[in-house]
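I have placed the structure first, in the form of structure tokens, so that the comments after it can refer back to it.
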Amino acid sequence: MPRLPRTLPALSLLLLLALTACGTERAGTDTAAAGEAGTRTPAAGDAGPGTPAAGKPRTGTARPSTPATASPASPSAHGDLDARARALGVAPELVYVTTAPGFTLVAGSVGVYGADGFSASWYSPASGARLSLFVDRGTLTGDTCAALPMEGAARPACERDGDAWYRTGAGRHEYAVPGDGHVLRVSAESAAVPRAALRAAALGAHRPDAAETAALLPAPAPAPTAPLERGDLPADGDGAPRNDVGVGS
């Protein structure tokens, strides 16, 4: 029987060593790839470890936002108007204001008209002319226009002008504008104020806003914090007032 050559075991050993080396190289390559993937810097938009997915809110560490603080409400302009008007004895709903070029308010003219109506005047330093505004309760029609007295004229002449009445008499003229339960009138001397300016002041009269109220009506005097004491009364008892108290005491 022929004898097998002795080189066969040597060839088998070489083949085994080659296969082992191939497996080791592949394992090292896979390990290096895994290491590179683990150390790569996330690109913009990538979700890193612990980052919630898009559309899902964070929980646990988010701090609640601080609510905006609402600014306090401003005082009512009508409330201020009511207090100022009532301190003068004027019905608040009858307070009106107007403007005219070159005219300024005469502070001392502001006050009550009739029972609880309102009156005020404006003066022109350049011409010396004076505009007077009156607001009082009542109505005005073609039948009652001449019966409503005007300063200096018991029965003025009346002329309809749109929604208002133009009235003249005794060297004066005025525009009367009927309102809801009241009549507003603006008057002046005929020679001092042109009719067009008088008409504009009457039709431009309006309810004052907060700033106009402060400029038009004085602030009411504060209420006393303690009862007023009379200096002519005795310190005790209920005797008659003392006559020896000097002036101004």
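Chain labels run A, B, ... following the order of the structure tokens; each chain numbers its residues from 1, and ligands are numbered from 1 in the order shown.
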
When you look at Ser119 of chain A with a cut-off of 9 Å (counting only C-alpha atoms), what residues show up, excluding the ones that are within fewer than 3 positions of it in the same chain? I need them as a VMD selection string. chain A and resid 95 to 96 109 to 113 132 to 136

Identify, on the basis of only C-alpha atoms, every residue whose closest approach to Ser187 of chain A does not exceed 12 Å; exclude the query and any residue fewer than 6 positions from it along the same chain; express the result as a PyMOL selection string. chain A and resi 119-122+129-135+150-152+165-169+171-177+193-195+197-202

Neighbouring residues of Thr141 of chain A were defined as those with any atom within 12 Å, considering only C-alpha atoms; residues of the same chain fewer than 6 positions away were excluded. Please report them as a VMD selection string. chain A and resid 147 to 148 158 to 160 163 to 165 176 to 179 182 to 183

Which is closer to Asp180 of chain A than all the others in A:Leu217, A:Leu94, A:Ala126, A:Ala205, using only C-alpha atoms? A:Leu94

Mind giving me the straight-line distance from atom CA of Ala196 of chain A to atom CA of Gly114 of chain A in Å, one decimal? 27.8 Å

Report the distance between atom CA of Ala100 of chain A and atom CA of His206 of chain A in Å, rounded to one decimal place.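 Between atom CA of Ala100 of chain A and atom CA of His206 of chain A the gap is 12.7 Å.
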
To one decimal place in Å, what is the distance between atom CA of Ser124 of chain A and atom CA of Thr104 of chain A?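 Separation between atom CA of Ser124 of chain A and atom CA of Thr104 of chain A: 6.5 Å.
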